[in-house]
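Visitor: Data: query26.txt, compact mmCIF, C-alpha atoms and all ligand atoms.
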```
# COMPACT_ATOMS: atom_id res chain seq x y z
CA MET A 1250 11.88 -11.47 -2.38
CA PRO A 1251 12.39 -8.74 -4.99
CA PRO A 1252 14.80 -5.96 -3.90
CA TRP A 1253 12.00 -3.38 -3.67
CA VAL A 1254 10.27 -5.32 -0.86
CA PRO A 1255 11.25 -4.03 2.61
CA GLU A 1256 13.76 -6.33 4.30
CA ILE A 1257 11.63 -6.45 7.44
CA GLU A 1258 8.59 -7.78 5.57
CA THR A 1259 7.31 -10.79 7.51
CA LYS A 1260 3.81 -11.07 6.03
CA PRO A 1261 4.16 -10.53 2.29
CA ALA A 1262 1.16 -10.57 -0.05
CA PRO A 1263 1.18 -12.73 -3.19
CA THR A 1264 2.30 -11.00 -6.39
CA PRO A 1265 1.20 -8.69 -7.90
CA LEU A 1266 -0.55 -7.46 -4.72
CA LEU A 1267 2.90 -7.44 -3.11
CA LEU A 1268 3.61 -4.30 -5.15
CA VAL A 1269 0.67 -2.45 -3.59
CA GLN A 1270 1.76 -3.62 -0.14
CA SER A 1271 5.36 -2.51 -0.68
CA PHE A 1272 4.17 0.81 -2.09
CA VAL A 1273 2.20 1.49 1.11
CA ASN A 1274 5.18 0.33 3.19
CA THR A 1275 7.54 2.85 1.57
CA TYR A 1276 6.75 4.79 4.72
CA GLU A 1277 7.73 3.18 8.00
CA ALA A 1278 6.20 5.00 10.98
CA ASP A 1279 8.50 3.33 13.54
CA THR A 1280 11.65 4.82 12.04
CA ASP A 1281 9.96 7.73 10.20
CA ILE A 1282 11.79 6.66 7.03
CA ASP A 1283 9.98 7.60 3.82
CA LEU A 1284 11.29 6.22 0.53
CA LEU A 1285 9.04 8.66 -1.32
CA ALA A 1286 10.15 11.74 0.62
CA ASP A 1287 12.22 13.37 -2.13
CA PRO A 1288 12.33 12.92 -5.94
CA GLN A 1289 15.78 11.32 -6.02
CA THR A 1290 15.06 8.61 -3.44
CA ALA A 1291 11.55 8.11 -4.82
CA ARG A 1292 12.80 7.68 -8.41
CA ARG A 1293 15.16 4.96 -7.25
CA TRP A 1294 12.44 2.95 -5.53
CA LEU A 1295 9.76 3.53 -8.17
CA ARG A 1296 12.15 2.49 -10.95
CA SER A 1297 13.40 -0.57 -9.11
CA CYS A 1298 9.87 -1.96 -8.83
CA GLY A 1299 9.02 -1.01 -12.42
CA LEU A 1300 6.34 1.57 -11.61
CA LEU A 1301 8.35 4.37 -13.21
CA ASP A 1302 10.10 4.18 -16.58
CA ARG A 1303 13.84 4.92 -16.69
CA SER A 1304 13.18 7.91 -18.96
CA ALA A 1305 10.31 9.36 -16.92
CA GLU A 1306 10.99 12.30 -14.64
CA LEU A 1307 9.46 12.98 -11.28
CA ALA A 1308 8.95 16.46 -9.82
CA ALA A 1309 7.92 17.51 -6.32
CA PRO A 1310 4.18 18.17 -7.11
CA GLN A 1311 3.82 14.71 -8.69
CA LEU A 1312 5.55 13.16 -5.72
CA LEU A 1313 3.10 14.90 -3.41
CA GLN A 1314 0.24 13.33 -5.38
CA ILE A 1315 1.88 9.90 -5.18
CA ARG A 1316 2.23 10.20 -1.40
CA GLU A 1317 -1.44 11.24 -1.14
CA VAL A 1318 -2.40 8.16 -3.16
CA ARG A 1319 -0.25 6.02 -0.85
CA GLU A 1320 -2.10 7.29 2.23
CA ALA A 1321 -5.48 6.86 0.50
CA ILE A 1322 -4.59 3.23 -0.26
CA ARG A 1323 -3.44 2.78 3.35
CA ALA A 1324 -6.90 4.00 4.38
CA LEU A 1325 -8.42 1.28 2.17
CA LEU A 1326 -6.29 -1.23 4.09
CA GLN A 1327 -7.59 0.20 7.36
CA ALA A 1328 -11.12 -0.48 6.09
CA ASN A 1329 -10.02 -4.06 5.32
CA ALA A 1330 -8.97 -4.30 8.99
CA GLY A 1331 -12.44 -3.22 10.11
CA ARG A 1332 -11.65 0.39 10.85
CA PRO A 1333 -12.92 3.59 9.19
CA GLY A 1334 -11.80 3.77 5.56
CA PRO A 1335 -10.72 6.72 3.38
CA THR A 1336 -11.94 10.21 4.21
CA ARG A 1337 -13.83 12.16 1.55
CA ALA A 1338 -10.60 13.95 0.64
CA GLN A 1339 -8.80 10.60 0.26
CA GLN A 1340 -11.62 9.22 -1.87
CA ARG A 1341 -11.25 12.29 -4.10
CA VAL A 1342 -7.51 11.61 -4.44
CA LEU A 1343 -8.21 8.15 -5.90
CA ALA A 1344 -11.24 9.30 -7.94
CA SER A 1345 -9.33 12.18 -9.53
CA VAL A 1346 -7.09 9.66 -11.28
CA ALA A 1347 -9.68 6.92 -11.83
CA ASP A 1348 -12.25 9.30 -13.37
CA HIS A 1349 -9.88 10.43 -16.11
CA ALA A 1350 -8.18 7.11 -16.68
CA VAL A 1351 -7.53 6.02 -20.24
CA MET A 1352 -7.20 2.26 -20.66
CA ARG A 1353 -6.19 0.01 -23.47
CA LEU A 1354 -7.40 -3.53 -23.91
CA SER A 1355 -4.75 -5.67 -25.51
CA ILE A 1356 -4.45 -9.30 -26.49
CA ASP A 1357 -1.33 -11.40 -26.15
CA ARG A 1358 -1.55 -13.43 -29.34
CA LYS A 1359 0.76 -16.18 -28.09
CA ALA A 1360 -0.70 -16.72 -24.64
CA LEU A 1361 -4.20 -15.74 -25.80
CA ARG A 1362 -4.62 -13.57 -22.78
CA LEU A 1363 -6.48 -10.28 -22.56
CA ASP A 1364 -4.94 -7.48 -20.57
CA ILE A 1365 -5.99 -3.99 -19.53
CA THR A 1366 -3.15 -1.48 -19.43
CA PRO A 1367 -3.13 2.23 -18.59
CA ALA A 1368 -2.63 4.41 -21.68
CA SER A 1369 -2.13 7.83 -20.14
CA ALA A 1370 0.61 10.17 -21.32
CA GLN A 1371 1.28 11.13 -17.70
CA PRO A 1372 3.77 8.75 -16.04
CA THR A 1373 2.29 9.52 -12.60
CA ASP A 1374 -1.24 8.68 -13.77
CA THR A 1375 0.01 5.48 -15.39
CA MET A 1376 1.74 4.49 -12.17
CA ILE A 1377 -1.34 5.12 -10.03
CA MET A 1378 -3.61 3.33 -12.52
CA ARG A 1379 -1.34 0.28 -12.45
CA LEU A 1380 -1.69 0.15 -8.67
CA LEU A 1381 -5.48 0.62 -8.87
CA LEU A 1382 -5.76 -2.16 -11.48
CA ILE A 1383 -3.86 -4.55 -9.18
CA ILE A 1384 -6.29 -3.64 -6.38
CA ARG A 1385 -9.24 -4.22 -8.71
CA ASP A 1386 -7.93 -7.67 -9.70
CA ALA A 1387 -7.33 -8.56 -6.04
CA GLN A 1388 -10.90 -7.53 -5.22
CA HIS A 1389 -12.07 -9.99 -7.87
CA ASP A 1390 -9.82 -12.92 -6.95
CA GLY A 1391 -10.57 -12.60 -3.23
CA THR A 1392 -7.08 -11.73 -1.96
CA TRP A 1393 -7.84 -8.04 -1.33
CA PRO A 1394 -9.60 -8.30 2.10
CA ARG A 1395 -6.47 -10.01 3.48
CA LEU A 1396 -4.26 -6.99 2.82
CA LYS A 1397 -4.66 -4.84 5.93
CA ALA A 1398 -3.08 -1.96 7.80
CA CYS A 1399 -1.81 -2.76 11.32
CA SER A 1400 -4.36 -1.88 14.01
CA ASN A 1401 -1.71 -0.04 16.01
CA THR A 1402 -2.48 3.51 14.83
CA GLU A 1403 1.16 4.50 15.38
CA CYS A 1404 2.30 1.69 13.07
CA GLN A 1405 -0.22 1.10 10.23
CA TRP A 1406 2.23 -1.17 8.42
CA ALA A 1407 0.57 -3.05 5.55
CA TYR A 1408 0.57 -6.81 6.08
CA TYR A 1409 -1.07 -9.79 4.43
CA ASP A 1410 -3.30 -11.76 6.76
CA ARG A 1411 -2.92 -15.46 5.89
CA SER A 1412 -4.79 -16.64 8.99
CA HIS A 1413 -7.69 -19.00 8.31
CA ALA A 1414 -10.28 -16.78 9.99
CA GLN A 1415 -8.79 -13.57 8.55
CA LYS A 1416 -9.12 -11.94 11.97
CA GLY A 1417 -5.49 -10.78 12.27
CA LYS A 1418 -5.05 -7.28 13.66
CA TRP A 1419 -1.31 -6.68 13.91
CA CYS A 1420 1.56 -6.49 11.47
CA ASP A 1421 3.49 -8.56 13.99
CA MET A 1422 2.02 -9.88 17.24
CA SER A 1423 5.40 -9.96 19.00
CA THR A 1424 5.96 -6.23 18.50
CA CYS A 1425 2.75 -4.28 17.78
CA GLY A 1426 0.26 -6.66 19.36
CA ASN A 1427 2.15 -6.97 22.64
CA ARG A 1428 3.14 -3.33 22.72
CA LEU A 1429 -0.48 -2.28 22.52
CA LYS A 1430 -1.66 -4.97 24.94
CA ASN A 1431 0.89 -3.81 27.52
CA ARG A 1432 -0.19 -0.23 27.12
CA THR A 1433 -3.85 -1.16 27.65
CA LEU A 1434 -2.91 -3.19 30.71
CA ARG A 1435 -0.88 -0.35 32.17
CA ALA A 1436 -3.76 2.09 31.59
CA ARG A 1437 -6.16 -0.31 33.27
CA HIS A 1438 -3.93 -0.81 36.31
CA ARG A 1439 -3.04 2.84 36.71
CA PRO A 1440 -4.36 4.11 40.07
CA SER A 1441 -7.22 6.54 39.52
CA ALA A 1442 -6.62 10.19 40.38
CA GLY A 1443 -7.48 11.37 43.89
ZN ZN A 1501 2.19 -2.87 13.49
```
Reformat the file's structure so that it appears as structure tokens.
Guide:
Amino acid sequence: MPPWVPEIETKPAPTPLLLVQSFVNTYEADTDIDLLADPQTARRWLRSCGLLDRSAELAAPQLLQIREVREAIRALLQANAGRPGPTRAQQRVLASVADHAVMRLSIDRKALRLDITPASAQPTDTMIMRLLLIIRDAQHDGTWPRLKACSNTECQWAYYDRSHAQKGKWCDMSTCGNRLKNRTLRARHRPSAG
């Protein structure tokens, strides 16, 4: 696995969707660790995965936008898991970049392949567009619906559902699935008041 993939990743998506998954998983609810919490830490992660150029800077307002995009994408993964998707505000976060996106169509003369690349002067916009283009491609090749957010609302870890029926609900059945099952059982067996 590339170094920018969390070590605890047990259900990785295929590349390049793995980048979107790892971007969402820069926040881990269990430990409350956020790799995009401050510019210095964020720069390190975003550079290591190639989303941010070495020369590009990153200030607090841009980082706020990037975190908002992350949560909007997580909401898309909740929709993939059969739960309510992005709120209107989250849809606006994605649309605000998509609506003003400048793209360039290029041709690789050796491989004879056409490619769409973001051509914005803003490094943050370029970064977000790259992620949105990966999502778009995944929606076309059929891998997108398998990338989901864990159904445990306190977890919401992004995982890739490789199961045949695509009915997976948990990032990891042995932790989240059982944890939630036990809680439901306890609630059911709790003696009623009075
Ligand atoms: Zn989970």
Visitor: In Å, with one decimal, what is the gap from CA of Gly1417 in chain A to CA of Trp1393 in chain A?
Guide: 14.1 Å
Visitor: For ligand ZN 1501 (chain A), return the neighbouring residues as a ChimeraX atom specification (distance at most 10 Å; only C-alpha atoms and all ligand atoms).
Guide: /A:1277-1279,1398-1408,1418-1426,1428-1429
Visitor: Hey, which of A:Pro1263, A:Gly1299, A:Gly1331, A:Pro1394 ends up closest to Pro1372 in chain A? Count only C-alpha atoms.
Guide: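 When distances to Pro1372 in chain A are compared using only C-alpha atoms, the smallest one comes from A:Gly1299.
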Visitor: Skipping near chain neighbours, those fewer than 3 positions away, what residues fall within 10 Å of Lys1416 in chain A using only C-alpha atoms, listed as a VMD selection string?
Guide: chain A and resid 1330 to 1331 1395 1410 to 1413 1419
Visitor: With distances taken over only C-alpha atoms, which residue among A:Pro1255, A:Ile1383, A:Met1250, A:Asp1390 lies nearest Ile1282 in chain A?
Guide: A:Pro1255
Visitor: By how many Å are CA of Ala1305 in chain A and CA of Met1352 in chain A apart?
Guide: 19.3 Å
Visitor: Which residues are near range 1320-1328 of chain A? Cut-off 6 Å, only C-alpha atoms, ignore same chain within fewer than 4 positions. Put them as a list in words.
Guide: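 Everything that qualifies: Arg1332, Pro1333, Gly1334, Pro1335, Gln1339, Lys1397 and Ala1398 of chain A.
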Visitor: At a cut-off of 10 Å, using all atoms listed in the file, what residues contact Pro1252 in chain A? Leave out same-chain residues fewer than 5 positions from it and give the result as a list in words.
Guide: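 The contact residues come out as Trp1294, Ser1297 and Cys1298 of chain A.
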Visitor: Take range 1319-1330 of chain A, bring it up to all heavy atoms, and give me the output as an mmCIF file, keeping the file's coordinate frame.
Guide:
```cif
data_model
loop_
_atom_site.group_PDB
_atom_site.id
_atom_site.type_symbol
_atom_site.label_atom_id
_atom_site.label_comp_id
_atom_site.auth_asym_id
_atom_site.auth_seq_id
_atom_site.Cartn_x
_atom_site.Cartn_y
_atom_site.Cartn_z
ATOM 1 N N ARG A 1319 -0.727 7.052 -1.789
ATOM 2 C CA ARG A 1319 -0.250 6.020 -0.850
ATOM 3 C C ARG A 1319 -1.094 6.026 0.425
ATOM 4 O O ARG A 1319 -1.534 4.968 0.888
ATOM 5 C CB ARG A 1319 1.221 6.262 -0.507
ATOM 6 C CG ARG A 1319 1.761 5.251 0.504
ATOM 7 C CD ARG A 1319 3.200 5.531 0.873
ATOM 8 N NE ARG A 1319 3.342 6.813 1.549
ATOM 9 C CZ ARG A 1319 4.503 7.396 1.829
ATOM 10 N NH1 ARG A 1319 5.624 6.802 1.469
ATOM 11 N NH2 ARG A 1319 4.558 8.558 2.445
ATOM 12 N N GLU A 1320 -1.348 7.227 0.977
ATOM 13 C CA GLU A 1320 -2.100 7.290 2.230
ATOM 14 C C GLU A 1320 -3.572 6.936 2.011
ATOM 15 O O GLU A 1320 -4.213 6.387 2.903
ATOM 16 C CB GLU A 1320 -1.929 8.657 2.885
ATOM 17 C CG GLU A 1320 -0.487 8.953 3.312
ATOM 18 C CD GLU A 1320 0.218 7.746 3.952
ATOM 19 O OE1 GLU A 1320 -0.330 7.163 4.916
ATOM 20 O OE2 GLU A 1320 1.325 7.365 3.491
ATOM 21 N N ALA A 1321 -4.099 7.244 0.809
ATOM 22 C CA ALA A 1321 -5.480 6.860 0.500
ATOM 23 C C ALA A 1321 -5.594 5.334 0.408
ATOM 24 O O ALA A 1321 -6.570 4.743 0.882
ATOM 25 C CB ALA A 1321 -5.928 7.508 -0.805
ATOM 26 N N ILE A 1322 -4.571 4.696 -0.185
ATOM 27 C CA ILE A 1322 -4.590 3.230 -0.260
ATOM 28 C C ILE A 1322 -4.429 2.628 1.141
ATOM 29 O O ILE A 1322 -5.081 1.657 1.501
ATOM 30 C CB ILE A 1322 -3.489 2.704 -1.223
ATOM 31 C CG1 ILE A 1322 -3.783 3.160 -2.654
ATOM 32 C CG2 ILE A 1322 -3.403 1.178 -1.169
ATOM 33 C CD1 ILE A 1322 -2.738 2.759 -3.686
ATOM 34 N N ARG A 1323 -3.580 3.265 1.974
ATOM 35 C CA ARG A 1323 -3.440 2.780 3.350
ATOM 36 C C ARG A 1323 -4.795 2.830 4.068
ATOM 37 O O ARG A 1323 -5.138 1.923 4.833
ATOM 38 C CB ARG A 1323 -2.420 3.643 4.122
ATOM 39 C CG ARG A 1323 -1.966 2.985 5.446
ATOM 40 C CD ARG A 1323 -1.149 3.935 6.312
ATOM 41 N NE ARG A 1323 -0.043 4.562 5.613
ATOM 42 C CZ ARG A 1323 1.148 3.996 5.411
ATOM 43 N NH1 ARG A 1323 1.371 2.798 5.893
ATOM 44 N NH2 ARG A 1323 2.094 4.617 4.755
ATOM 45 N N ALA A 1324 -5.573 3.884 3.770
ATOM 46 C CA ALA A 1324 -6.900 4.000 4.380
ATOM 47 C C ALA A 1324 -7.820 2.859 3.915
ATOM 48 O O ALA A 1324 -8.649 2.369 4.678
ATOM 49 C CB ALA A 1324 -7.512 5.357 4.056
ATOM 50 N N LEU A 1325 -7.643 2.435 2.655
ATOM 51 C CA LEU A 1325 -8.420 1.280 2.170
ATOM 52 C C LEU A 1325 -8.050 0.031 2.974
ATOM 53 O O LEU A 1325 -8.892 -0.805 3.284
ATOM 54 C CB LEU A 1325 -8.134 1.025 0.682
ATOM 55 C CG LEU A 1325 -8.581 2.073 -0.341
ATOM 56 C CD1 LEU A 1325 -8.100 1.684 -1.735
ATOM 57 C CD2 LEU A 1325 -10.098 2.221 -0.344
ATOM 58 N N LEU A 1326 -6.759 -0.067 3.319
ATOM 59 C CA LEU A 1326 -6.290 -1.230 4.090
ATOM 60 C C LEU A 1326 -6.776 -1.169 5.536
ATOM 61 O O LEU A 1326 -6.938 -2.192 6.194
ATOM 62 C CB LEU A 1326 -4.763 -1.333 4.040
ATOM 63 C CG LEU A 1326 -4.129 -1.385 2.647
ATOM 64 C CD1 LEU A 1326 -2.640 -1.660 2.755
ATOM 65 C CD2 LEU A 1326 -4.807 -2.431 1.776
ATOM 66 N N GLN A 1327 -7.001 0.049 6.025
ATOM 67 C CA GLN A 1327 -7.590 0.200 7.360
ATOM 68 C C GLN A 1327 -9.036 -0.308 7.332
ATOM 69 O O GLN A 1327 -9.492 -0.970 8.262
ATOM 70 C CB GLN A 1327 -7.536 1.655 7.803
ATOM 71 C CG GLN A 1327 -6.136 2.085 8.196
ATOM 72 C CD GLN A 1327 -5.987 3.591 8.295
ATOM 73 O OE1 GLN A 1327 -6.892 4.345 7.937
ATOM 74 N NE2 GLN A 1327 -4.851 4.033 8.773
ATOM 75 N N ALA A 1328 -9.743 0.014 6.241
ATOM 76 C CA ALA A 1328 -11.120 -0.480 6.090
ATOM 77 C C ALA A 1328 -11.122 -2.006 6.046
ATOM 78 O O ALA A 1328 -11.991 -2.646 6.641
ATOM 79 C CB ALA A 1328 -11.751 0.102 4.829
ATOM 80 N N ASN A 1329 -10.120 -2.594 5.366
ATOM 81 C CA ASN A 1329 -10.020 -4.060 5.320
ATOM 82 C C ASN A 1329 -9.811 -4.643 6.715
ATOM 83 O O ASN A 1329 -10.144 -5.795 6.971
ATOM 84 C CB ASN A 1329 -8.847 -4.490 4.425
ATOM 85 C CG ASN A 1329 -9.197 -4.387 2.948
ATOM 86 O OD1 ASN A 1329 -10.332 -4.108 2.601
ATOM 87 N ND2 ASN A 1329 -8.208 -4.600 2.097
ATOM 88 N N ALA A 1330 -9.230 -3.838 7.625
ATOM 89 C CA ALA A 1330 -8.970 -4.300 8.990
ATOM 90 C C ALA A 1330 -10.147 -3.965 9.915
ATOM 91 O O ALA A 1330 -10.050 -4.113 11.127
ATOM 92 C CB ALA A 1330 -7.690 -3.676 9.520
#
```
